[in-house]
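Chemist: One file: upload39.cif (mmCIF, C-alpha atoms).
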data_input
#
loop_
_atom_site.label_atom_id
_atom_site.label_comp_id
_atom_site.auth_asym_id
_atom_site.auth_seq_id
_atom_site.Cartn_x
_atom_site.Cartn_y
_atom_site.Cartn_z
CA MET A 3 171.80 78.08 90.23
CA THR A 4 169.75 75.20 91.58
CA LEU A 5 168.80 72.52 89.11
CA ALA A 6 165.51 71.21 90.43
CA ALA A 7 162.96 68.67 89.32
CA PHE A 8 159.28 69.39 89.82
CA VAL A 9 157.55 66.02 89.82
CA ARG A 10 153.89 65.38 89.12
CA LEU A 11 152.75 61.79 89.15
CA GLY A 12 153.10 60.19 85.73
CA CYS A 13 154.77 63.24 84.19
CA SER A 14 158.41 63.06 85.21
CA LEU A 15 158.91 59.69 86.84
CA GLU A 16 160.42 58.31 83.65
CA ASN A 17 162.78 61.29 83.49
CA GLY A 18 166.33 59.99 83.54
CA ARG A 19 167.67 62.50 86.05
CA VAL A 20 164.89 61.86 88.57
CA ARG A 21 165.33 58.11 88.27
CA GLU A 22 169.10 58.41 88.71
CA CYS A 23 168.82 60.27 92.01
CA TRP A 24 166.44 57.59 93.30
CA ASP A 25 168.81 54.89 92.13
CA GLY A 26 171.77 56.22 94.08
CA ARG A 27 173.57 57.72 91.08
CA ASP A 28 174.62 61.33 90.56
CA SER A 29 171.69 62.95 88.79
CA GLY A 30 173.08 66.48 88.74
CA LEU A 31 169.98 67.66 90.61
CA ALA A 32 170.37 69.91 93.64
CA ALA A 33 166.79 69.43 94.86
CA ILE A 34 163.40 67.98 94.02
CA VAL A 35 160.01 69.52 94.75
CA THR A 36 156.88 67.41 94.41
CA LEU A 37 153.40 68.89 94.34
CA ALA A 38 150.59 66.57 95.44
CA SER A 39 152.44 63.47 94.27
CA SER A 40 152.71 59.93 95.57
CA LEU A 41 154.06 56.57 94.51
CA ASP A 42 151.52 54.61 96.54
CA TYR A 43 147.84 55.51 96.94
CA THR A 44 146.80 52.40 98.85
CA PRO A 45 146.81 54.11 102.31
CA SER A 46 144.40 56.79 101.06
CA ASN A 47 140.94 57.12 99.59
CA SER A 48 142.19 58.91 96.50
CA ARG A 49 139.50 59.87 94.00
CA LEU A 50 142.09 59.31 91.29
CA LYS A 51 140.85 55.74 91.27
CA LEU A 52 137.78 57.03 89.41
CA LEU A 53 139.99 56.94 86.31
CA LEU A 54 141.03 53.32 86.79
CA PRO A 55 137.93 51.75 85.17
CA LEU A 56 139.04 53.43 81.93
CA ALA A 57 142.33 51.52 81.89
CA ASP A 58 141.03 48.03 81.09
CA PRO A 59 138.87 49.04 78.09
CA ALA A 60 141.72 51.18 76.77
CA GLN A 61 144.07 48.21 76.97
CA VAL A 62 141.64 45.67 75.53
CA LEU A 63 140.59 47.93 72.66
CA ASN A 64 144.16 49.12 72.11
CA VAL A 65 143.04 52.75 72.32
CA PRO A 66 146.06 55.08 72.14
CA VAL A 67 144.57 57.90 74.24
CA VAL A 68 141.73 58.58 76.67
CA PRO A 69 139.96 61.93 75.94
CA LEU A 70 139.86 63.18 79.52
CA GLY A 71 139.69 66.82 78.44
CA ALA A 72 136.61 66.29 76.30
CA MET A 73 134.95 64.29 79.07
CA LEU A 74 135.54 67.03 81.67
CA SER A 75 134.43 69.77 79.29
CA ALA A 76 131.17 67.92 78.70
CA ALA A 77 130.64 67.35 82.42
CA TYR A 78 131.56 70.87 83.58
CA PRO A 79 128.15 72.50 82.90
CA LEU A 80 126.53 69.83 85.07
CA SER A 81 128.84 70.77 87.94
CA THR A 82 128.21 74.53 87.82
CA ARG A 83 124.54 74.84 86.90
CA PRO A 84 121.32 73.63 88.57
CA PRO A 85 120.65 70.94 89.61
CA TYR A 86 124.45 70.63 90.13
CA VAL A 87 124.44 66.85 89.73
CA LEU A 88 128.22 66.79 89.21
CA SER A 89 129.16 69.55 91.65
CA TRP A 90 131.49 67.11 93.42
CA LEU A 91 133.86 67.41 90.45
CA ASN A 92 134.75 70.95 91.52
CA ASP A 93 135.95 69.71 94.90
CA LEU A 94 138.46 67.48 93.14
CA ILE A 95 140.03 70.53 91.53
CA SER A 96 139.74 73.38 94.03
CA ALA A 97 138.58 73.93 97.59
CA GLN A 98 135.70 76.31 98.23
CA ASP A 99 136.54 79.96 97.51
CA MET A 100 140.17 79.16 96.70
CA MET A 101 140.07 79.73 92.95
CA HIS A 102 138.39 82.49 90.98
CA PRO A 103 135.38 81.03 89.08
CA GLU A 104 136.73 82.23 85.72
CA LEU A 105 140.12 80.66 86.39
CA LEU A 106 138.47 77.40 87.44
CA GLU A 107 136.43 77.36 84.24
CA LYS A 108 139.50 78.01 82.08
CA LEU A 109 141.39 75.30 83.93
CA VAL A 110 138.70 72.70 83.30
CA LEU A 111 137.98 73.67 79.70
CA ASN A 112 141.53 74.32 78.50
CA ASN A 113 144.07 72.60 80.74
CA PHE A 114 143.03 68.98 80.47
CA CYS A 115 143.64 67.09 77.27
CA THR A 116 144.01 63.48 76.24
CA ILE A 117 145.82 60.96 78.44
CA PRO A 118 148.03 58.37 76.76
CA ALA A 119 146.48 54.99 77.47
CA LYS A 120 149.88 53.59 78.46
CA LEU A 121 150.21 56.29 81.12
CA LEU A 122 146.77 55.47 82.52
CA ILE A 123 147.62 51.77 82.63
CA GLN A 124 150.88 52.58 84.43
CA LEU A 125 148.99 54.75 86.91
CA THR A 126 146.91 51.76 88.03
CA THR A 127 150.04 50.26 89.61
CA ALA A 128 150.06 53.08 92.19
CA PHE A 129 146.93 51.46 93.66
CA ARG A 130 148.53 48.03 94.04
CA ASP A 131 151.02 46.43 96.38
CA HIS A 132 154.55 47.84 95.99
CA GLY A 133 153.23 51.05 94.43
CA LEU A 134 153.97 52.70 91.10
CA CYS A 135 156.30 50.90 88.71
CA ASP A 136 157.70 51.77 85.31
CA ARG A 137 156.14 50.55 82.09
CA SER A 138 158.29 47.44 82.05
CA GLY A 139 156.62 46.34 85.28
CA LYS A 140 160.00 45.55 86.80
CA PHE A 141 161.21 48.82 88.35
CA PHE A 142 159.26 49.76 91.50
CA TYR A 143 160.10 53.31 92.52
CA LYS A 144 159.40 52.82 96.23
CA ASP A 145 162.11 50.17 96.42
CA HIS A 146 164.74 52.74 95.46
CA LEU A 147 163.75 55.81 97.45
CA HIS A 148 165.98 54.88 100.38
CA LYS A 149 168.99 55.28 98.08
CA SER A 150 168.15 58.87 97.23
CA SER A 151 170.89 61.44 97.80
CA VAL A 152 168.90 64.55 96.79
CA PRO A 153 166.85 66.76 99.17
CA VAL A 154 163.11 66.49 98.54
CA LEU A 155 160.34 68.91 99.45
CA ALA A 156 157.00 67.08 99.27
CA ILE A 157 153.97 69.37 99.35
CA ALA A 158 150.38 68.30 99.99
CA GLY A 159 147.02 70.04 100.25
CA ASP A 160 144.84 69.46 103.30
CA GLN A 161 141.68 68.93 101.20
CA ASP A 162 143.28 67.25 98.22
CA LEU A 163 140.95 64.41 97.24
CA ILE A 164 143.10 63.30 94.30
CA CYS A 165 146.38 62.94 96.18
CA PRO A 166 145.48 63.11 99.90
CA PRO A 167 148.16 64.02 102.46
CA GLU A 168 148.35 60.43 103.69
CA ALA A 169 149.30 59.29 100.19
CA VAL A 170 152.06 61.90 99.99
CA GLU A 171 153.30 60.95 103.45
CA GLU A 172 153.46 57.28 102.45
CA THR A 173 156.09 58.20 99.87
CA VAL A 174 157.93 60.73 102.06
CA ARG A 175 158.57 58.25 104.86
CA LEU A 176 160.66 56.12 102.47
CA ILE A 177 163.07 58.97 101.70
CA PRO A 178 166.10 59.27 104.01
CA GLU A 179 164.89 61.39 106.91
CA HIS A 180 167.65 63.99 106.68
CA LEU A 181 166.73 64.64 103.03
CA ALA A 182 162.94 64.79 103.33
CA THR A 183 160.84 67.88 104.03
CA TYR A 184 157.07 67.38 104.19
CA LYS A 185 154.64 70.29 104.17
CA VAL A 186 150.83 70.24 104.21
CA PHE A 187 149.14 73.50 103.21
CA GLY A 188 145.77 74.40 104.68
CA GLU A 189 144.45 75.43 108.09
CA PRO A 190 141.51 74.09 110.16
CA GLY A 191 139.67 77.39 109.74
CA GLY A 192 140.84 77.90 106.16
CA PRO A 193 142.15 78.55 103.66
CA HIS A 194 142.06 74.98 102.40
CA TYR A 195 143.98 73.49 99.51
CA ALA A 196 142.60 70.99 97.02
CA HIS A 197 144.68 69.45 94.23
CA TYR A 198 145.12 72.40 91.88
CA ASP A 199 145.07 75.08 94.59
CA LEU A 200 148.75 74.38 95.23
CA VAL A 201 149.42 75.97 91.84
CA GLY A 202 146.43 78.19 91.04
CA GLY A 203 144.72 78.87 94.35
CA ARG A 204 144.36 82.47 95.48
CA LYS A 205 146.79 81.91 98.36
CA ALA A 206 149.40 79.92 96.43
CA VAL A 207 151.51 82.96 95.53
CA GLU A 208 151.62 84.06 99.18
CA GLN A 209 152.08 80.68 100.85
CA VAL A 210 153.17 77.88 98.50
CA TYR A 211 155.56 79.64 96.13
CA PRO A 212 157.67 81.28 98.88
CA CYS A 213 158.01 77.89 100.58
CA ILE A 214 159.36 76.37 97.36
CA ILE A 215 161.72 79.28 96.71
CA GLU A 216 163.09 79.15 100.26
CA PHE A 217 163.72 75.41 99.98
CA LEU A 218 165.47 75.66 96.62
CA THR A 219 167.55 78.63 97.76
CA ARG A 220 168.65 76.77 100.88
CA CYS A 221 169.62 73.71 98.82
CA ASP A 222 171.49 75.93 96.38
CA LEU A 223 173.69 77.21 99.20
CA THR A 224 174.68 73.80 100.56
#
Written as structure tokens, that's how I'd like the structure from this file.

Modeler:
Amino acid sequence: MTLAAFVRLGCSLENGRVRECWDGRDSGLAAIVTLASSLDYTPSNSRLKLLLPLADPAQVLNVPVVPLGAMLSAAYPLSTRPPYVLSWLNDLISAQDMMHPELLEKLVLNNFCTIPAKLLIQLTTAFRDHGLCDRSGKFFYKDHLHKSSVPVLAIAGDQDLICPPEAVEETVRLIPEHLATYKVFGEPGGPHYAHYDLVGGRKAVEQVYPCIIEFLTRCDLT
């Protein structure tokens, strides 16, 4: 059975097995699938940078966590009710008509929680030269991607404003070409995929999940 790592930025990059496969060591992983993830956002206009102003106060005040969930819950009514002053927040999560309204509401109100301040501070490095680094500030992940020995499927959404395709591609091009598979979901005439549509969009089960299963199955047979 394939042992795979599903990587979301800031969630699994400190995972020992993922780091080993990027450092040229045997990680025991057969494949890695990344969903809307990048190590370097500088080539893109990622809206993730909207969180960056929170990093400095959190560091100065030594705040352990940033209450992102509470902030989004408070803002959500302003994005779904007249005069829709924060309607742009919905576009960060899901493309038009891609997620059932009730599912979108549950996602916003229940899925997001607090963010460790140290994680937010680490995330700011993805918007600087050399890209994301570990919390020591000495290990830059991009510098080690060329040593990877594990097949990687990197998936992006065509209307992802948080991790745009160009940000994903910036990371993919550093992986050995014979190990990298890059796939952008979304068509010019629709459907389109924003950040969370790759997991919860109405077409994800038909389009995204089979792509992942096929990739993992193929890697499991090699």

Chemist: Please, what distance in Å, to one decimal, runs between CA of Val67 in chain A and CA of Pro118 in chain A?

Modeler: 4.3 Å

Chemist: When you count only C-alpha atoms, which of these residues is closest to Gly30 in chain A: A:Ser151, A:Asn112, A:Ser48, A:Ser96?

Modeler: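 Ranking A:Ser151, A:Asn112, A:Ser48, A:Ser96 by distance to Gly30 in chain A, first place goes to A:Ser151.
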
Chemist: Could you check how far CA of Glu216 in chain A sits from CA of Pro45 in chain A, in Å to one decimal?

Modeler: 29.9 Å

Chemist: Could you tell me which residues the PyMOL selection byres ((chain A and resi 167) around 12) grabs in this file, written as a PyMOL selection string?

Modeler: chain A and resi 37-40+42-43+45-48+156-166+168-174+184-188+195-197

Chemist: Starting from the displayed file, determine the output of the PyMOL selection byres ((chain A and resi 211) around 12) and express the residue list as a list of chain:residue names.

Modeler: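 After applying the PyMOL selection byres ((chain A and resi 211) around 12), what remains is A:Val35, A:Leu37, A:Ile157, A:Phe187, A:Asp199, A:Leu200, A:Val201, A:Gly202, A:Gly203, A:Arg204, A:Lys205, A:Ala206, A:Val207, A:Glu208, A:Gln209, A:Val210, A:Pro212, A:Cys213, A:Ile214, A:Ile215, A:Glu216, A:Phe217, A:Leu218.
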
Chemist: Check what the PyMOL selection byres ((chain A and resi 221) around 8) selects in the file above and give those residues as a list in words.

Modeler: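 Evaluating the PyMOL selection byres ((chain A and resi 221) around 8) on these coordinates yields Thr4, Ala32, Ala33, Pro153, Phe217, Leu218, Thr219, Arg220, Asp222, Leu223 and Thr224 of chain A.
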
Chemist: Could you please determine the separation between CA of Val65 in chain A and CA of Leu52 in chain A in Å, to one decimal place?

Modeler: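 We find that CA of Val65 in chain A and CA of Leu52 in chain A lie 18.4 Å from each other.
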
Chemist: Give me the residues near Ala119 in chain A as a ChimeraX atom specification, where near means some atom within 10 Å (using all atoms listed in the file) and where sequence neighbours in that chain fewer than 2 positions away do not count.

Modeler: /A:56-61,64-69,116-117,121-125

Chemist: Fewer than 6 positions away in the same chain doesn't count, so skip those; otherwise give me all residues within 7 Å of His148 in chain A, counting only C-alpha atoms, as a list in words.

Modeler: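 Listing them by chain and then by number gives Leu176, Ile177 and Pro178 of chain A.
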
Chemist: Provide range 196-209 of chain A rebuilt to N, CA and C atoms, formatted as a compact mmCIF listing (two decimals), keeping the file's coordinate frame.

Modeler:
# COMPACT_ATOMS: atom_id res chain seq x y z
N ALA A 196 142.88 72.20 97.78
CA ALA A 196 142.60 70.99 97.02
C ALA A 196 143.74 70.79 96.02
N HIS A 197 143.56 69.88 95.06
CA HIS A 197 144.68 69.45 94.23
C HIS A 197 145.33 70.58 93.45
N TYR A 198 144.55 71.37 92.75
CA TYR A 198 145.12 72.40 91.88
C TYR A 198 145.31 73.74 92.59
N ASP A 199 144.86 73.85 93.83
CA ASP A 199 145.07 75.08 94.59
C ASP A 199 146.54 75.31 94.91
N LEU A 200 147.32 74.24 94.95
CA LEU A 200 148.75 74.38 95.23
C LEU A 200 149.46 75.17 94.14
N VAL A 201 148.84 75.22 92.96
CA VAL A 201 149.42 75.97 91.84
C VAL A 201 148.61 77.23 91.54
N GLY A 202 147.27 77.08 91.49
CA GLY A 202 146.43 78.19 91.04
C GLY A 202 145.51 78.78 92.07
N GLY A 203 145.58 78.32 93.32
CA GLY A 203 144.72 78.87 94.35
C GLY A 203 145.09 80.31 94.68
N ARG A 204 144.14 81.05 95.24
CA ARG A 204 144.36 82.47 95.48
C ARG A 204 145.44 82.74 96.52
N LYS A 205 145.77 81.74 97.33
CA LYS A 205 146.79 81.91 98.36
C LYS A 205 148.13 81.28 97.98
N ALA A 206 148.18 80.64 96.81
CA ALA A 206 149.40 79.92 96.43
C ALA A 206 150.60 80.85 96.31
N VAL A 207 150.40 82.02 95.73
CA VAL A 207 151.51 82.96 95.53
C VAL A 207 152.07 83.43 96.87
N GLU A 208 151.19 83.56 97.87
CA GLU A 208 151.62 84.06 99.18
C GLU A 208 152.20 82.96 100.06
N GLN A 209 151.71 81.73 99.91
CA GLN A 209 152.08 80.68 100.85
C GLN A 209 152.92 79.56 100.23
